[in-house]
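Read the structure below first, then the notes.
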Amino acid sequence: MTALRRYPVLLALCLAALFMVVPFLIVAVNAVKSPAEYSQNGPLSLPHGLYLDGLEDFWQRVDYSRKLLNSVVISGSVAVLATALSVLNAYAIGIGRIRGRTWVLAFFVLANMLPQEALVYPLYYLSKQAGLYDTRLSVIIVFTVIQSAFGTYLLSSVLGRFPREIVEAARIDGADKWQILVRIVVPVSRPTLGVLLVFFFIWTWNEFLLPLVMLISNDNQTVSVALGVLQGQRLMDATMTNAAALLGVLPAIVFFLVFQRTLTRGIAVGAVK
């Protein structure tokens, strides 16, 4: 306690971690609690045993394995494609120094600031006209463009400070633009690209509005949409609600923990630079 009082920043971080962990623990505890036990003892009591019927009922009711596959395919594809598109755009803006660079960056910032509610009808209409409505490809294309707007703005500022001497030395050695990008820029920027990859995956995983509008069939819906639709059913009980929330957030947490070193390394490298 004395150490925490001496370091208020450490105290603030500990409190922030506590506020983030406690709700997840409450959800996890109530997910394995029977409805009778929940009604009798309340949400803060510990379960006397593992009640897994809520998890099993939710899994079967929404066909969770199918929803999980859709979310992984969409989020993973968007993370990879948006990162690649961000690198190409930022390479042209930050190192290529295209004309009107300021206006181009302003366009990407504006695109990143647009609320998704303003994009619902245009995207719905365009997907209908292109024959992509109610397909995973339509959501992948939309979120690739949306996420790459932020990625382009971030990487442009990073690549704008890229050492020009390295690029000029590679050109003198006979390297063309693609070789400079693949063999020099991408390896040097790998920590930052790893951070973008993790963020893009988690952000896309948590998206709800556009997948709800663009994916209307059960075979194409994502986990977040399944959670939102299930909440509207009157027969939903508290334990199944917590089970659904646990199964919905657990894959994203696992992905974050797996790539935690990549995220930490990218932030540390950015701080050192």
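Just remember, in the structure tokens the first chain shown is A, the second B, etc., residues are 1-based per chain, and ligands are 1-based in the order shown.
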Can you list every residue of region 131-238 of chain A that has an atom at most 7 Å from region 81-105 of chain A, with its nearest atom pair and the distance in Å to one decimal, using only C-alpha atoms, ordered by chain then number, as CSV?
```
residue,atom,partner,partner_atom,distance
A:Thr144,CA,A:Ala82,CA,4.7
A:Val145,CA,A:Ala82,CA,6.8
A:Gln147,CA,A:Ala82,CA,6.0
A:Ser148,CA,A:Ala82,CA,4.7
A:Gly151,CA,A:Ser86,CA,5.1
A:Thr152,CA,A:Ser86,CA,4.5
A:Tyr153,CA,A:Leu105,CA,6.3
A:Leu155,CA,A:Ala90,CA,5.5
A:Ser156,CA,A:Ala90,CA,4.4
A:Ser157,CA,A:Gly94,CA,6.8
A:Leu159,CA,A:Gly94,CA,4.9
A:Gly160,CA,A:Gly94,CA,4.1
A:Leu193,CA,A:Thr83,CA,6.7
A:Leu196,CA,A:Thr83,CA,6.5
A:Leu197,CA,A:Thr83,CA,6.3
```
Notebook entry, point to check: Where in region 4-175 of chain A does DSSP assign helix (DSSP H, G or I), given as a ChimeraX atom specification?
Noted result: /A:4-6,8-31,35-41,53-62,64-95,101-113,116-118,120-130,136-159,164-172
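Distance-wise, CA of Ala31 (chain A) and CA of Ser65 (chain A) end up 18.1 Å apart.
Non-sequential neighbours of Phe201 (chain A) (distance at most 9 Å, separation of 3 or more positions within a chain, only C-alpha atoms) are Val72, Ile74, Ser75, Gly76, Ser77, Val78, Ala79, Val80, Leu196, Leu197, Val198, Thr204, Trp205, Asn206, Ala252 and Phe255 of chain A.
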Store the residues picked out above in a file with N, CA, C and O atoms, as a JSON list (two decimals), in the first residue's frame.
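Output file again.json follows:
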```json
[["chain", "number", "residue", "atom", "x", "y", "z"],
["A", 72, "VAL", "N", -14.36, -15.33, -37.07],
["A", 72, "VAL", "CA", -12.93, -15.52, -37.27],
["A", 72, "VAL", "C", -12.54, -15.21, -38.71],
["A", 72, "VAL", "O", -11.52, -14.53, -38.96],
["A", 74, "ILE", "N", -14.15, -13.31, -40.96],
["A", 74, "ILE", "CA", -14.33, -11.89, -41.26],
["A", 74, "ILE", "C", -13.27, -11.05, -40.56],
["A", 74, "ILE", "O", -12.60, -10.21, -41.19],
["A", 75, "SER", "N", -13.08, -11.25, -39.26],
["A", 75, "SER", "CA", -12.11, -10.45, -38.51],
["A", 75, "SER", "C", -10.68, -10.69, -38.98],
["A", 75, "SER", "O", -9.90, -9.75, -39.13],
["A", 76, "GLY", "N", -10.33, -11.96, -39.21],
["A", 76, "GLY", "CA", -8.99, -12.26, -39.68],
["A", 76, "GLY", "C", -8.72, -11.71, -41.06],
["A", 76, "GLY", "O", -7.64, -11.14, -41.32],
["A", 77, "SER", "N", -9.69, -11.83, -41.97],
["A", 77, "SER", "CA", -9.51, -11.30, -43.32],
["A", 77, "SER", "C", -9.38, -9.78, -43.31],
["A", 77, "SER", "O", -8.53, -9.21, -43.99],
["A", 78, "VAL", "N", -10.23, -9.13, -42.51],
["A", 78, "VAL", "CA", -10.16, -7.67, -42.43],
["A", 78, "VAL", "C", -8.83, -7.22, -41.83],
["A", 78, "VAL", "O", -8.23, -6.25, -42.31],
["A", 79, "ALA", "N", -8.37, -7.90, -40.79],
["A", 79, "ALA", "CA", -7.09, -7.52, -40.16],
["A", 79, "ALA", "C", -5.95, -7.59, -41.15],
["A", 79, "ALA", "O", -5.12, -6.67, -41.25],
["A", 80, "VAL", "N", -5.87, -8.68, -41.91],
["A", 80, "VAL", "CA", -4.77, -8.85, -42.86],
["A", 80, "VAL", "C", -4.90, -7.88, -44.03],
["A", 80, "VAL", "O", -3.93, -7.19, -44.40],
["A", 196, "LEU", "N", -1.35, -2.88, -35.45],
["A", 196, "LEU", "CA", -2.53, -2.65, -36.29],
["A", 196, "LEU", "C", -3.29, -3.95, -36.52],
["A", 196, "LEU", "O", -4.53, -3.96, -36.50],
["A", 197, "LEU", "N", -2.59, -5.03, -36.73],
["A", 197, "LEU", "CA", -3.23, -6.32, -36.97],
["A", 197, "LEU", "C", -4.08, -6.74, -35.78],
["A", 197, "LEU", "O", -5.22, -7.18, -35.95],
["A", 198, "VAL", "N", -3.54, -6.60, -34.59],
["A", 198, "VAL", "CA", -4.28, -6.96, -33.39],
["A", 198, "VAL", "C", -5.50, -6.06, -33.20],
["A", 198, "VAL", "O", -6.62, -6.53, -32.93],
["A", 204, "THR", "N", -12.95, -5.31, -35.41],
["A", 204, "THR", "CA", -13.90, -5.94, -36.31],
["A", 204, "THR", "C", -14.72, -7.00, -35.59],
["A", 204, "THR", "O", -15.91, -7.16, -35.87],
["A", 205, "TRP", "N", -14.11, -7.72, -34.68],
["A", 205, "TRP", "CA", -14.83, -8.73, -33.92],
["A", 205, "TRP", "C", -15.98, -8.12, -33.13],
["A", 205, "TRP", "O", -17.06, -8.71, -33.02],
["A", 206, "ASN", "N", -15.78, -6.93, -32.59],
["A", 206, "ASN", "CA", -16.78, -6.29, -31.74],
["A", 206, "ASN", "C", -17.82, -5.49, -32.52],
["A", 206, "ASN", "O", -18.74, -4.94, -31.91],
["A", 252, "ALA", "N", -11.94, -13.18, -28.33],
["A", 252, "ALA", "CA", -11.17, -11.94, -28.49],
["A", 252, "ALA", "C", -10.10, -11.82, -27.41],
["A", 252, "ALA", "O", -8.99, -11.36, -27.68],
["A", 255, "PHE", "N", -7.29, -14.20, -28.33],
["A", 255, "PHE", "CA", -6.49, -13.63, -29.41],
["A", 255, "PHE", "C", -5.58, -12.53, -28.89],
["A", 255, "PHE", "O", -4.41, -12.44, -29.26]]
```
Notebook entry, point to check: In terms of the shortest atom-to-atom distance over only C-alpha atoms, which of A:Leu46, A:Val158, A:Ile216, A:Val195 is closest to Gln260 (chain A)?
Noted result: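 Of A:Leu46, A:Val158, A:Ile216, A:Val195, the one nearest Gln260 (chain A) is A:Val195, counting only C-alpha atoms.
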Need the shell around Leu227 (chain A): protein/DNA/RNA residues with any atom at most 12 Å away, counting only C-alpha atoms. Skip same-chain ones fewer than 5 positions apart. Format as a short mmCIF file (atom, residue, chain, number, x, y, z; two decimals) with N, CA, C and O atoms, in the first residue's frame?
```cif
data_model
loop_
_atom_site.label_atom_id
_atom_site.label_comp_id
_atom_site.auth_asym_id
_atom_site.auth_seq_id
_atom_site.Cartn_x
_atom_site.Cartn_y
_atom_site.Cartn_z
N PHE A 58 -26.96 -22.15 -25.10
CA PHE A 58 -26.65 -21.03 -25.98
C PHE A 58 -25.91 -21.49 -27.22
O PHE A 58 -26.17 -21.04 -28.34
N TRP A 59 -24.96 -22.42 -27.05
CA TRP A 59 -24.18 -22.94 -28.18
C TRP A 59 -25.10 -23.56 -29.22
O TRP A 59 -24.96 -23.32 -30.42
N ARG A 61 -28.49 -23.15 -29.48
CA ARG A 61 -29.58 -22.29 -29.92
C ARG A 61 -29.14 -21.37 -31.06
O ARG A 61 -29.90 -21.16 -32.01
N VAL A 62 -27.96 -20.84 -30.99
CA VAL A 62 -27.51 -19.89 -32.02
C VAL A 62 -26.55 -20.52 -33.03
O VAL A 62 -26.05 -19.82 -33.91
N ASP A 63 -26.29 -21.84 -32.89
CA ASP A 63 -25.28 -22.50 -33.73
C ASP A 63 -23.95 -21.75 -33.61
O ASP A 63 -23.42 -21.20 -34.59
N TYR A 64 -23.43 -21.73 -32.39
CA TYR A 64 -22.27 -20.89 -32.07
C TYR A 64 -21.04 -21.25 -32.89
O TYR A 64 -20.25 -20.36 -33.23
N LYS A 67 -21.29 -19.34 -36.05
CA LYS A 67 -21.07 -17.91 -35.82
C LYS A 67 -19.61 -17.62 -35.50
O LYS A 67 -19.06 -16.60 -35.94
N LEU A 68 -18.98 -18.52 -34.76
CA LEU A 68 -17.57 -18.33 -34.42
C LEU A 68 -16.71 -18.40 -35.67
O LEU A 68 -15.78 -17.59 -35.84
N ASN A 206 -15.78 -6.93 -32.59
CA ASN A 206 -16.78 -6.29 -31.74
C ASN A 206 -17.82 -5.49 -32.52
O ASN A 206 -18.74 -4.94 -31.91
N GLU A 207 -17.69 -5.39 -33.83
CA GLU A 207 -18.65 -4.62 -34.62
C GLU A 207 -20.02 -5.28 -34.59
O GLU A 207 -20.15 -6.50 -34.68
N PHE A 208 -21.05 -4.43 -34.51
CA PHE A 208 -22.42 -4.96 -34.41
C PHE A 208 -23.37 -4.39 -35.46
O PHE A 208 -24.11 -5.14 -36.11
N LEU A 212 -25.14 -6.48 -38.53
CA LEU A 212 -26.56 -6.70 -38.30
C LEU A 212 -27.38 -6.34 -39.53
O LEU A 212 -28.35 -7.01 -39.87
N GLN A 221 -24.23 -14.80 -40.04
CA GLN A 221 -24.12 -13.86 -38.93
C GLN A 221 -22.89 -14.13 -38.08
O GLN A 221 -22.38 -15.24 -38.03
N THR A 222 -22.45 -13.08 -37.41
CA THR A 222 -21.28 -13.16 -36.54
C THR A 222 -21.70 -13.37 -35.09
O THR A 222 -22.89 -13.37 -34.76
N GLY A 232 -32.95 -10.15 -27.38
CA GLY A 232 -34.34 -9.73 -27.58
C GLY A 232 -35.36 -10.82 -27.34
O GLY A 232 -36.55 -10.56 -27.36
N GLN A 233 -34.94 -12.05 -27.11
CA GLN A 233 -35.86 -13.14 -26.88
C GLN A 233 -36.36 -13.12 -25.44
O GLN A 233 -35.60 -13.00 -24.50
N MET A 236 -35.12 -15.60 -22.49
CA MET A 236 -33.70 -15.55 -22.11
C MET A 236 -33.59 -15.46 -20.60
O MET A 236 -34.25 -14.62 -19.97
N MET A 240 -27.99 -17.82 -18.95
CA MET A 240 -27.68 -17.96 -20.36
C MET A 240 -27.16 -16.64 -20.93
O MET A 240 -26.32 -16.63 -21.83
N THR A 241 -27.66 -15.51 -20.41
CA THR A 241 -27.13 -14.21 -20.84
C THR A 241 -25.65 -14.10 -20.52
O THR A 241 -24.84 -13.66 -21.34
N ASN A 242 -25.27 -14.50 -19.32
CA ASN A 242 -23.86 -14.47 -18.95
C ASN A 242 -23.04 -15.48 -19.73
O ASN A 242 -21.89 -15.23 -20.09
N ALA A 243 -23.62 -16.64 -20.01
CA ALA A 243 -22.93 -17.63 -20.82
C ALA A 243 -22.69 -17.11 -22.23
O ALA A 243 -21.61 -17.30 -22.81
N ALA A 244 -23.70 -16.43 -22.79
CA ALA A 244 -23.55 -15.85 -24.12
C ALA A 244 -22.47 -14.77 -24.12
O ALA A 244 -21.64 -14.70 -25.03
N ALA A 245 -22.47 -13.92 -23.09
CA ALA A 245 -21.46 -12.87 -23.01
C ALA A 245 -20.07 -13.46 -22.87
O ALA A 245 -19.11 -12.97 -23.47
N LEU A 246 -19.94 -14.53 -22.08
CA LEU A 246 -18.64 -15.17 -21.90
C LEU A 246 -18.12 -15.77 -23.20
O LEU A 246 -16.96 -15.57 -23.58
N LEU A 247 -18.97 -16.49 -23.92
CA LEU A 247 -18.56 -17.09 -25.18
C LEU A 247 -18.31 -16.03 -26.25
O LEU A 247 -17.54 -16.25 -27.18
N GLY A 248 -18.96 -14.88 -26.11
CA GLY A 248 -18.77 -13.83 -27.10
C GLY A 248 -17.44 -13.10 -26.96
O GLY A 248 -16.81 -12.74 -27.95
N VAL A 249 -17.01 -12.90 -25.71
CA VAL A 249 -15.80 -12.12 -25.48
C VAL A 249 -14.56 -12.99 -25.33
O VAL A 249 -13.43 -12.51 -25.50
#
```
Margin query: Neighbouring residues of Leu137 (chain A) were defined as those with any atom within 12 Å, considering only C-alpha atoms; residues of the same chain fewer than 2 positions away were excluded. Please report them as number ranges by chain.
Written below: A: 70, 73-75, 77-78, 127, 130-135, 139-144, 211, 214-215, 220
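Between Glu37 (chain A) and the candidates A:Phe162, A:Leu209, A:Tyr51, A:Leu25, the tightest atom-to-atom separation, counting only C-alpha atoms, involves A:Tyr51.
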Checklist line | Nearest to Gly194 (chain A), chosen from A:Pro115, A:Tyr124, A:Val22, A:Phe259, with only C-alpha atoms counted in the distances | finding: A:Phe259
